[in-house]
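K.L.:
Once you've had a glance at the structure underneath, I'll fire off some questions.
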Protein chains: 2
Amino acid sequence: MRTKGLRVTNPRRDILRIAWSSPEHFTADEMYVWVLEDDADASRATVYRTLALLAQADFLATMNDGKGTVLYEKQLSSDDHHDHMICVACRKIIEFVSHDIERIQDEVAARHSFKLQNHTLRLEGLCVDCK
Amino acid sequence: MRTKGLRVTNPRRDILRIAWSSPEHFTADEMYVWVLEDDADASRATVYRTLALLAQADFLATMNDGKGTVLYEKQLSSDDHHDHMICVACRKIIEFVSHDIERIQDEVAARHSFKLQNHTLRLEGLCVDCK
DNA sequence: ATCCTTGCAAAGCTTTTGCAGGAGA
DNA sequence: TCTCCTGCAAAAGCTTTGCAAGGAT
């Protein structure tokens, strides 16, 4: 964090630790609840500010659920990209990686002279348990 | 609409007409502004309720912008699926279709025994004008 | 006649912001 | 010391909802 010019503070340490120890995708408000449960040190405003900051600094990734809420998740390295399948019945999230899709995305972008920085792919449907 | 058990009312007619005549993606609130400019007949609450309804009935499609806001767009037929590139600088939206990507998605879903119903793919980056 | 829709206004949520005090480098 | 960061509380959006009146079938 220091290499990115960000100060290391208790709220930032706590939030990053909780985010990294969570296997799940979470909203800002869920993180705030975890912070409270953990007796950690951050107000609601700071949680919102810090998550946005950590996402911008590439410590967290963001995605949308189907309905417009921003979800955060830990990002272990900046190459750690994966996509999501979401079960519309139980809301379970399955992660997957497809290099083929990424390759085609690059081709599509190139065809439009578009400089690709990021992508989000979400597949919705029924998981094996809910079918 | 009647075939789907929905009543045909002035607000619904007006909103659908405006949505169909718009080339753009829009938020519920933008639609409300258009309704006012058009001297059309719908309150803000009705715009929200109607857009959700029309999307559910497959007259409109939904997508997210990068930051969690739901955007609507007209859906000419239920096969009319396309994906989006969004320029992070000027927010321009470029639509594209890739059957290759759709095919690979089907394969990925099948590999996880996932019954695919819908998908969203958003590419973010810089468009040709902003590069 | 029945019951679905609407408008209004209020409430509900989530997220952002101004400002003064406090902490990191 | 000099900024940057935080907490608080208020505000700012955006979206939903209860209820009574009105409209579609």
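Chain labels A, B, ... are given in the sequence in which chains occur in the structure tokens; within each chain residues are numbered consecutively from 1, and ligands are likewise numbered from 1 in the order shown.
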Considering only C-alpha atoms (C1' of nucleotides), return as number ranges by chain whatever protein or nucleic-acid residues lie within 12 Å of range 12-18 of chain C, sequence-local ones (same chain, fewer than 3 positions apart) excluded.

P.N.:
A: 27-30, 44-49, 52, 68-70; B: 68; D: 8-17

K.L.:
Take the residues from that selection and write them out as a compact mmCIF listing (two decimals), in the first residue's frame, keeping N, CA, C and O atoms (P, O5', C5', C4', C3', O3' and C1' of nucleotides).

P.N.:
```
# COMPACT_ATOMS: atom_id res chain seq x y z
N THR A 27 -21.05 -6.81 -0.13
CA THR A 27 -21.37 -5.40 -0.36
C THR A 27 -20.68 -4.56 0.70
O THR A 27 -20.19 -5.09 1.71
N ALA A 28 -20.68 -3.26 0.49
CA ALA A 28 -20.06 -2.36 1.45
C ALA A 28 -20.75 -2.51 2.81
O ALA A 28 -20.09 -2.52 3.86
N ASP A 29 -22.03 -2.65 2.77
CA ASP A 29 -22.75 -2.72 4.03
C ASP A 29 -22.48 -4.03 4.77
O ASP A 29 -22.40 -4.06 6.00
N GLU A 30 -22.35 -5.12 4.02
CA GLU A 30 -22.00 -6.38 4.66
C GLU A 30 -20.62 -6.27 5.32
O GLU A 30 -20.40 -6.76 6.44
N ARG A 44 -18.97 3.50 9.27
CA ARG A 44 -19.60 3.12 8.00
C ARG A 44 -19.03 3.96 6.86
O ARG A 44 -18.72 3.43 5.78
N ALA A 45 -18.87 5.24 7.10
CA ALA A 45 -18.34 6.10 6.04
C ALA A 45 -16.96 5.62 5.62
O ALA A 45 -16.63 5.59 4.43
N THR A 46 -16.16 5.25 6.58
CA THR A 46 -14.80 4.80 6.26
C THR A 46 -14.83 3.50 5.48
O THR A 46 -14.02 3.28 4.59
N VAL A 47 -15.75 2.62 5.83
CA VAL A 47 -15.86 1.37 5.06
C VAL A 47 -16.15 1.68 3.60
O VAL A 47 -15.49 1.15 2.70
N TYR A 48 -17.09 2.54 3.35
CA TYR A 48 -17.40 2.89 1.96
C TYR A 48 -16.19 3.52 1.28
O TYR A 48 -15.81 3.15 0.17
N ARG A 49 -15.57 4.46 1.97
CA ARG A 49 -14.42 5.13 1.36
C ARG A 49 -13.28 4.15 1.12
O ARG A 49 -12.62 4.17 0.08
N ALA A 52 -13.84 1.55 -1.80
CA ALA A 52 -13.65 2.18 -3.10
C ALA A 52 -12.16 2.38 -3.38
O ALA A 52 -11.68 2.14 -4.48
N GLY A 68 -27.93 -4.42 -9.74
CA GLY A 68 -27.41 -3.07 -9.62
C GLY A 68 -26.59 -2.79 -8.36
O GLY A 68 -26.12 -1.68 -8.17
N THR A 69 -26.44 -3.77 -7.50
CA THR A 69 -25.60 -3.54 -6.31
C THR A 69 -24.15 -3.92 -6.62
O THR A 69 -23.89 -4.93 -7.25
N VAL A 70 -23.23 -3.12 -6.13
CA VAL A 70 -21.82 -3.41 -6.35
C VAL A 70 -21.33 -4.42 -5.31
O VAL A 70 -21.57 -4.25 -4.11
N GLY B 68 -22.96 0.14 -10.79
CA GLY B 68 -24.07 -0.35 -10.00
C GLY B 68 -25.43 0.22 -10.35
O GLY B 68 -26.42 -0.13 -9.73
P DC D 8 -18.07 7.73 15.59
O5' DC D 8 -19.02 8.99 15.39
C5' DC D 8 -18.59 10.27 15.87
C4' DC D 8 -19.40 11.37 15.22
C3' DC D 8 -20.88 11.01 15.04
O3' DC D 8 -21.67 11.87 15.84
C1' DC D 8 -19.95 12.03 13.07
P DA D 9 -23.22 11.54 16.06
O5' DA D 9 -23.87 12.61 15.09
C5' DA D 9 -23.20 13.84 14.85
C4' DA D 9 -23.80 14.48 13.62
C3' DA D 9 -25.28 14.14 13.44
O3' DA D 9 -25.94 15.29 12.95
C1' DA D 9 -24.09 13.50 11.52
P DA D 10 -27.53 15.28 12.70
O5' DA D 10 -27.67 16.27 11.47
C5' DA D 10 -26.56 17.09 11.10
C4' DA D 10 -26.47 17.15 9.59
C3' DA D 10 -27.84 17.17 8.90
O3' DA D 10 -27.84 18.20 7.93
C1' DA D 10 -26.48 15.45 7.99
P DA D 11 -29.12 18.50 7.07
O5' DA D 11 -28.68 17.95 5.64
C5' DA D 11 -27.39 18.29 5.16
C4' DA D 11 -27.11 17.50 3.89
C3' DA D 11 -28.27 17.52 2.88
O3' DA D 11 -27.71 17.65 1.61
C1' DA D 11 -27.67 15.31 3.34
P DA D 12 -28.49 18.30 0.39
O5' DA D 12 -28.09 17.31 -0.76
C5' DA D 12 -26.83 16.62 -0.69
C4' DA D 12 -26.96 15.30 -1.39
C3' DA D 12 -28.08 15.27 -2.44
O3' DA D 12 -27.54 14.69 -3.59
C1' DA D 12 -28.27 13.43 -1.00
P DG D 13 -27.94 15.15 -5.03
O5' DG D 13 -29.38 14.55 -5.36
C5' DG D 13 -29.77 13.39 -4.72
C4' DG D 13 -29.06 12.18 -5.28
C3' DG D 13 -29.92 11.42 -6.24
O3' DG D 13 -29.13 10.71 -7.20
C1' DG D 13 -29.77 10.27 -4.15
P DC D 14 -29.90 10.28 -8.52
O5' DC D 14 -30.53 8.87 -8.17
C5' DC D 14 -29.70 7.81 -7.72
C4' DC D 14 -30.56 6.73 -7.13
C3' DC D 14 -31.74 6.32 -8.01
O3' DC D 14 -31.65 4.92 -8.20
C1' DC D 14 -32.45 6.68 -5.79
P DT D 15 -32.59 4.18 -9.24
O5' DT D 15 -33.68 3.55 -8.26
C5' DT D 15 -33.22 2.78 -7.17
C4' DT D 15 -34.36 2.40 -6.27
C3' DT D 15 -35.62 1.90 -6.98
O3' DT D 15 -35.84 0.56 -6.54
C1' DT D 15 -36.15 3.46 -5.27
P DT D 16 -37.13 -0.25 -6.90
O5' DT D 16 -38.00 -0.05 -5.56
C5' DT D 16 -37.39 -0.32 -4.32
C4' DT D 16 -38.39 -0.13 -3.20
C3' DT D 16 -39.74 -0.83 -3.40
O3' DT D 16 -40.05 -1.46 -2.17
C1' DT D 16 -40.09 1.47 -2.96
P DT D 17 -41.32 -2.39 -2.08
O5' DT D 17 -42.36 -1.47 -1.32
C5' DT D 17 -41.93 -0.70 -0.22
C4' DT D 17 -43.13 -0.02 0.44
C3' DT D 17 -44.48 -0.70 0.22
O3' DT D 17 -45.25 -0.57 1.40
C1' DT D 17 -44.56 1.49 -0.62
```

K.L.:
Using only C-alpha atoms (C1' of nucleotides), determine which residues of chain A fall within 8 Å of chain C; present them as a PyMOL selection string.

P.N.:
chain A and resi 7-9+48

K.L.:
Write out, as a compact mmCIF listing (two decimals), in the first residue's frame, the residues just selected, with all heavy atoms.

P.N.:
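Final output, part-v5.txt:
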```txt
# COMPACT_ATOMS: atom_id res chain seq x y z
N ARG A 7 -1.59 5.74 2.87
CA ARG A 7 -1.19 5.57 4.26
C ARG A 7 -1.78 4.29 4.82
O ARG A 7 -2.89 3.89 4.48
CB ARG A 7 -1.65 6.75 5.10
CG ARG A 7 -0.89 7.99 4.76
CD ARG A 7 -1.18 9.08 5.75
NE ARG A 7 -0.43 10.27 5.41
CZ ARG A 7 -0.61 11.44 5.97
NH1 ARG A 7 -1.53 11.59 6.91
NH2 ARG A 7 0.11 12.47 5.62
N VAL A 8 -1.02 3.69 5.68
CA VAL A 8 -1.49 2.46 6.33
C VAL A 8 -2.12 2.83 7.66
O VAL A 8 -1.46 3.34 8.55
CB VAL A 8 -0.31 1.49 6.57
CG1 VAL A 8 -0.79 0.27 7.31
CG2 VAL A 8 0.32 1.12 5.25
N THR A 9 -3.41 2.60 7.76
CA THR A 9 -4.13 2.96 8.98
C THR A 9 -4.87 1.75 9.52
O THR A 9 -5.01 0.74 8.83
CB THR A 9 -5.16 4.06 8.68
OG1 THR A 9 -6.14 3.52 7.80
CG2 THR A 9 -4.49 5.26 8.06
N TYR A 48 -17.09 2.54 3.35
CA TYR A 48 -17.40 2.89 1.96
C TYR A 48 -16.19 3.52 1.28
O TYR A 48 -15.81 3.15 0.17
CB TYR A 48 -18.58 3.87 1.92
CG TYR A 48 -19.91 3.18 1.98
CD1 TYR A 48 -20.52 2.91 3.20
CD2 TYR A 48 -20.54 2.75 0.83
CE1 TYR A 48 -21.74 2.27 3.27
CE2 TYR A 48 -21.76 2.11 0.88
CZ TYR A 48 -22.36 1.86 2.10
OH TYR A 48 -23.56 1.21 2.15
```

K.L.:
Compare A:Leu76, A:Ile93, A:Ile18, A:Met63 by their minimum atom-to-atom distance to chain B, counting only C-alpha atoms, and give me the closest one.

P.N.:
A:Met63

K.L.:
Could you please write out, as an MDAnalysis selection string, every residue of range 89-121 of chain B that DSSP assigns to helix (DSSP H, G or I)?

P.N.:
chainID B and resid 99:111

K.L.:
Could you write out that same residue set with all heavy atoms as an mmCIF file, in the first residue's frame?

P.N.:
```cif
data_model
loop_
_atom_site.group_PDB
_atom_site.id
_atom_site.type_symbol
_atom_site.label_atom_id
_atom_site.label_comp_id
_atom_site.auth_asym_id
_atom_site.auth_seq_id
_atom_site.Cartn_x
_atom_site.Cartn_y
_atom_site.Cartn_z
ATOM 1 N N HIS B 99 -20.861 -14.592 -31.662
ATOM 2 C CA HIS B 99 -21.404 -15.939 -31.512
ATOM 3 C C HIS B 99 -20.378 -16.883 -30.922
ATOM 4 O O HIS B 99 -20.721 -17.851 -30.249
ATOM 5 C CB HIS B 99 -21.909 -16.438 -32.869
ATOM 6 C CG HIS B 99 -23.019 -15.604 -33.404
ATOM 7 N ND1 HIS B 99 -24.226 -15.508 -32.745
ATOM 8 C CD2 HIS B 99 -23.111 -14.790 -34.480
ATOM 9 C CE1 HIS B 99 -25.016 -14.678 -33.416
ATOM 10 N NE2 HIS B 99 -24.357 -14.221 -34.464
ATOM 11 N N ASP B 100 -19.092 -16.595 -31.164
ATOM 12 C CA ASP B 100 -18.049 -17.438 -30.593
ATOM 13 C C ASP B 100 -18.113 -17.397 -29.072
ATOM 14 O O ASP B 100 -18.040 -18.419 -28.396
ATOM 15 C CB ASP B 100 -16.664 -16.956 -31.053
ATOM 16 C CG ASP B 100 -16.405 -17.348 -32.503
ATOM 17 O OD1 ASP B 100 -17.092 -18.265 -32.983
ATOM 18 O OD2 ASP B 100 -15.541 -16.725 -33.127
ATOM 19 N N ILE B 101 -18.248 -16.186 -28.541
ATOM 20 C CA ILE B 101 -18.295 -16.073 -27.084
ATOM 21 C C ILE B 101 -19.520 -16.811 -26.547
ATOM 22 O O ILE B 101 -19.445 -17.524 -25.553
ATOM 23 C CB ILE B 101 -18.297 -14.592 -26.654
ATOM 24 C CG1 ILE B 101 -16.905 -14.004 -26.898
ATOM 25 C CG2 ILE B 101 -18.691 -14.455 -25.197
ATOM 26 C CD1 ILE B 101 -16.750 -12.558 -26.492
ATOM 27 N N GLU B 102 -20.641 -16.661 -27.235
ATOM 28 C CA GLU B 102 -21.841 -17.327 -26.758
ATOM 29 C C GLU B 102 -21.675 -18.844 -26.772
ATOM 30 O O GLU B 102 -22.129 -19.541 -25.860
ATOM 31 C CB GLU B 102 -23.047 -16.931 -27.623
ATOM 32 C CG GLU B 102 -23.113 -15.430 -27.836
ATOM 33 C CD GLU B 102 -24.488 -14.848 -27.616
ATOM 34 O OE1 GLU B 102 -25.474 -15.588 -27.701
ATOM 35 O OE2 GLU B 102 -24.566 -13.637 -27.329
ATOM 36 N N ARG B 103 -20.987 -19.327 -27.781
ATOM 37 C CA ARG B 103 -20.777 -20.765 -27.863
ATOM 38 C C ARG B 103 -19.920 -21.246 -26.695
ATOM 39 O O ARG B 103 -20.209 -22.252 -26.045
ATOM 40 C CB ARG B 103 -20.089 -21.114 -29.189
ATOM 41 C CG ARG B 103 -20.154 -22.585 -29.557
ATOM 42 C CD ARG B 103 -19.186 -22.919 -30.662
ATOM 43 N NE ARG B 103 -17.805 -22.806 -30.203
ATOM 44 C CZ ARG B 103 -16.919 -21.964 -30.696
ATOM 45 N NH1 ARG B 103 -17.250 -21.136 -31.671
ATOM 46 N NH2 ARG B 103 -15.694 -21.914 -30.192
ATOM 47 N N ILE B 104 -18.857 -20.508 -26.421
ATOM 48 C CA ILE B 104 -17.974 -20.914 -25.329
ATOM 49 C C ILE B 104 -18.693 -20.820 -23.986
ATOM 50 O O ILE B 104 -18.507 -21.650 -23.104
ATOM 51 C CB ILE B 104 -16.707 -20.035 -25.328
ATOM 52 C CG1 ILE B 104 -15.962 -20.243 -26.646
ATOM 53 C CG2 ILE B 104 -15.815 -20.381 -24.149
ATOM 54 C CD1 ILE B 104 -14.785 -19.310 -26.818
ATOM 55 N N GLN B 105 -19.536 -19.838 -23.849
ATOM 56 C CA GLN B 105 -20.323 -19.730 -22.624
ATOM 57 C C GLN B 105 -21.165 -20.979 -22.419
ATOM 58 O O GLN B 105 -21.258 -21.510 -21.314
ATOM 59 C CB GLN B 105 -21.244 -18.514 -22.681
ATOM 60 C CG GLN B 105 -20.514 -17.203 -22.489
ATOM 61 C CD GLN B 105 -21.429 -16.026 -22.689
ATOM 62 O OE1 GLN B 105 -22.625 -16.203 -22.971
ATOM 63 N NE2 GLN B 105 -20.894 -14.842 -22.543
ATOM 64 N N ASP B 106 -21.775 -21.430 -23.504
ATOM 65 C CA ASP B 106 -22.581 -22.643 -23.397
ATOM 66 C C ASP B 106 -21.723 -23.814 -22.945
ATOM 67 O O ASP B 106 -22.138 -24.631 -22.114
ATOM 68 C CB ASP B 106 -23.222 -22.969 -24.756
ATOM 69 C CG ASP B 106 -24.314 -21.972 -25.113
ATOM 70 O OD1 ASP B 106 -24.803 -21.286 -24.192
ATOM 71 O OD2 ASP B 106 -24.666 -21.878 -26.296
ATOM 72 N N GLU B 107 -20.517 -23.881 -23.479
ATOM 73 C CA GLU B 107 -19.638 -24.971 -23.095
ATOM 74 C C GLU B 107 -19.259 -24.893 -21.624
ATOM 75 O O GLU B 107 -19.269 -25.892 -20.898
ATOM 76 C CB GLU B 107 -18.363 -24.941 -23.962
ATOM 77 C CG GLU B 107 -18.625 -25.282 -25.433
ATOM 78 C CD GLU B 107 -17.405 -25.003 -26.306
ATOM 79 O OE1 GLU B 107 -16.310 -24.758 -25.739
ATOM 80 O OE2 GLU B 107 -17.554 -25.032 -27.532
ATOM 81 N N VAL B 108 -18.912 -23.692 -21.193
ATOM 82 C CA VAL B 108 -18.532 -23.513 -19.779
ATOM 83 C C VAL B 108 -19.692 -23.903 -18.871
ATOM 84 O O VAL B 108 -19.527 -24.616 -17.879
ATOM 85 C CB VAL B 108 -18.128 -22.054 -19.508
ATOM 86 C CG1 VAL B 108 -17.959 -21.814 -18.017
ATOM 87 C CG2 VAL B 108 -16.833 -21.723 -20.233
ATOM 88 N N ALA B 109 -20.883 -23.445 -19.224
ATOM 89 C CA ALA B 109 -22.050 -23.755 -18.410
ATOM 90 C C ALA B 109 -22.278 -25.264 -18.354
ATOM 91 O O ALA B 109 -22.504 -25.835 -17.289
ATOM 92 C CB ALA B 109 -23.283 -23.042 -18.965
ATOM 93 N N ALA B 110 -22.173 -25.884 -19.508
ATOM 94 C CA ALA B 110 -22.393 -27.332 -19.564
ATOM 95 C C ALA B 110 -21.377 -28.058 -18.679
ATOM 96 O O ALA B 110 -21.725 -29.001 -17.965
ATOM 97 C CB ALA B 110 -22.286 -27.817 -21.009
ATOM 98 N N ARG B 111 -20.159 -27.599 -18.702
ATOM 99 C CA ARG B 111 -19.115 -28.248 -17.915
ATOM 100 C C ARG B 111 -19.439 -28.186 -16.419
ATOM 101 O O ARG B 111 -19.021 -29.035 -15.645
ATOM 102 C CB ARG B 111 -17.781 -27.550 -18.200
ATOM 103 C CG ARG B 111 -16.569 -28.342 -17.818
ATOM 104 C CD ARG B 111 -15.308 -27.569 -18.210
ATOM 105 N NE ARG B 111 -15.325 -27.125 -19.589
ATOM 106 C CZ ARG B 111 -14.820 -25.950 -20.024
ATOM 107 N NH1 ARG B 111 -14.271 -25.115 -19.177
ATOM 108 N NH2 ARG B 111 -14.876 -25.638 -21.302
#
```

K.L.:
Tell me the residues of chain B close to chain A, meaning within 7 Å using only C-alpha atoms, as a VMD selection string.

P.N.:
chain B and resid 64 67 to 70 101 104 113 to 128

K.L.:
Pick out each residue of chain B that DSSP on the backbone tags as strand (DSSP E or B); I need them as JSON, numbers by chain.

P.N.:
{"B": [26, 60, 61, 62, 63, 64, 70, 71, 72, 73, 74, 83, 84, 85, 86, 87, 93, 94, 95, 96, 115, 116, 117, 118, 119, 120, 121, 122, 123, 124, 125, 126]}

K.L.:
Counting only C-alpha atoms (C1' of nucleotides), a student should be able to say which residues of chain D come within 10 Å of chain A; what is the right answer, written as an NGL selection string?

P.N.:
:D and (4-8)

K.L.:
Would you write out those residues with N, CA and C atoms (P, O5', C5', C4', C3', O3' and C1' of nucleotides), as a PDB file, in the first residue's frame?

P.N.:
```pdb
ATOM      1  P    DC D   4      -2.221  15.465   1.050  1.00  0.00           P
ATOM      2  O5'  DC D   4      -2.677  14.152   1.831  1.00  0.00           O
ATOM      3  C5'  DC D   4      -1.695  13.207   2.236  1.00  0.00           C
ATOM      4  C4'  DC D   4      -2.340  12.220   3.190  1.00  0.00           C
ATOM      5  C3'  DC D   4      -3.674  11.674   2.691  1.00  0.00           C
ATOM      6  O3'  DC D   4      -3.688  10.287   2.996  1.00  0.00           O
ATOM      7  C1'  DC D   4      -3.959  12.679   4.812  1.00  0.00           C
ATOM      8  P    DC D   5      -4.869   9.384   2.622  1.00  0.00           P
ATOM      9  O5'  DC D   5      -5.655   9.293   4.007  1.00  0.00           O
ATOM     10  C5'  DC D   5      -4.978   8.733   5.118  1.00  0.00           C
ATOM     11  C4'  DC D   5      -5.932   8.570   6.266  1.00  0.00           C
ATOM     12  C3'  DC D   5      -7.293   7.969   5.916  1.00  0.00           C
ATOM     13  O3'  DC D   5      -7.538   6.917   6.831  1.00  0.00           O
ATOM     14  C1'  DC D   5      -7.564  10.022   7.076  1.00  0.00           C
ATOM     15  P    DT D   6      -8.905   6.152   6.840  1.00  0.00           P
ATOM     16  O5'  DT D   6      -9.649   6.910   8.018  1.00  0.00           O
ATOM     17  C5'  DT D   6      -9.086   6.899   9.312  1.00  0.00           C
ATOM     18  C4'  DT D   6     -10.060   7.516  10.303  1.00  0.00           C
ATOM     19  C3'  DT D   6     -11.477   6.968  10.211  1.00  0.00           C
ATOM     20  O3'  DT D   6     -11.879   6.507  11.486  1.00  0.00           O
ATOM     21  C1'  DT D   6     -11.471   9.355  10.090  1.00  0.00           C
ATOM     22  P    DG D   7     -13.190   5.645  11.631  1.00  0.00           P
ATOM     23  O5'  DG D   7     -14.126   6.648  12.435  1.00  0.00           O
ATOM     24  C5'  DG D   7     -13.591   7.377  13.517  1.00  0.00           C
ATOM     25  C4'  DG D   7     -14.599   8.413  14.000  1.00  0.00           C
ATOM     26  C3'  DG D   7     -16.051   7.934  13.980  1.00  0.00           C
ATOM     27  O3'  DG D   7     -16.662   8.286  15.216  1.00  0.00           O
ATOM     28  C1'  DG D   7     -15.797   9.912  12.651  1.00  0.00           C
ATOM     29  P    DC D   8     -18.071   7.732  15.594  1.00  0.00           P
ATOM     30  O5'  DC D   8     -19.020   8.993  15.389  1.00  0.00           O
ATOM     31  C5'  DC D   8     -18.593  10.267  15.871  1.00  0.00           C
ATOM     32  C4'  DC D   8     -19.402  11.367  15.225  1.00  0.00           C
ATOM     33  C3'  DC D   8     -20.882  11.008  15.035  1.00  0.00           C
ATOM     34  O3'  DC D   8     -21.673  11.872  15.837  1.00  0.00           O
ATOM     35  C1'  DC D   8     -19.947  12.025  13.073  1.00  0.00           C
TER      36       DC D   8
END
```

K.L.:
Please report the interatomic distance between CA of Val35 in chain B and C1' of DT25 in chain D in Å with one decimal.

P.N.:
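So the answer is 26.0 Å.
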
K.L.:
Do you have the CA of Phe59 in chain A-CA of Val33 in chain A distance handy?

P.N.:
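Result for CA of Phe59 in chain A versus CA of Val33 in chain A: 20.1 Å, one decimal.
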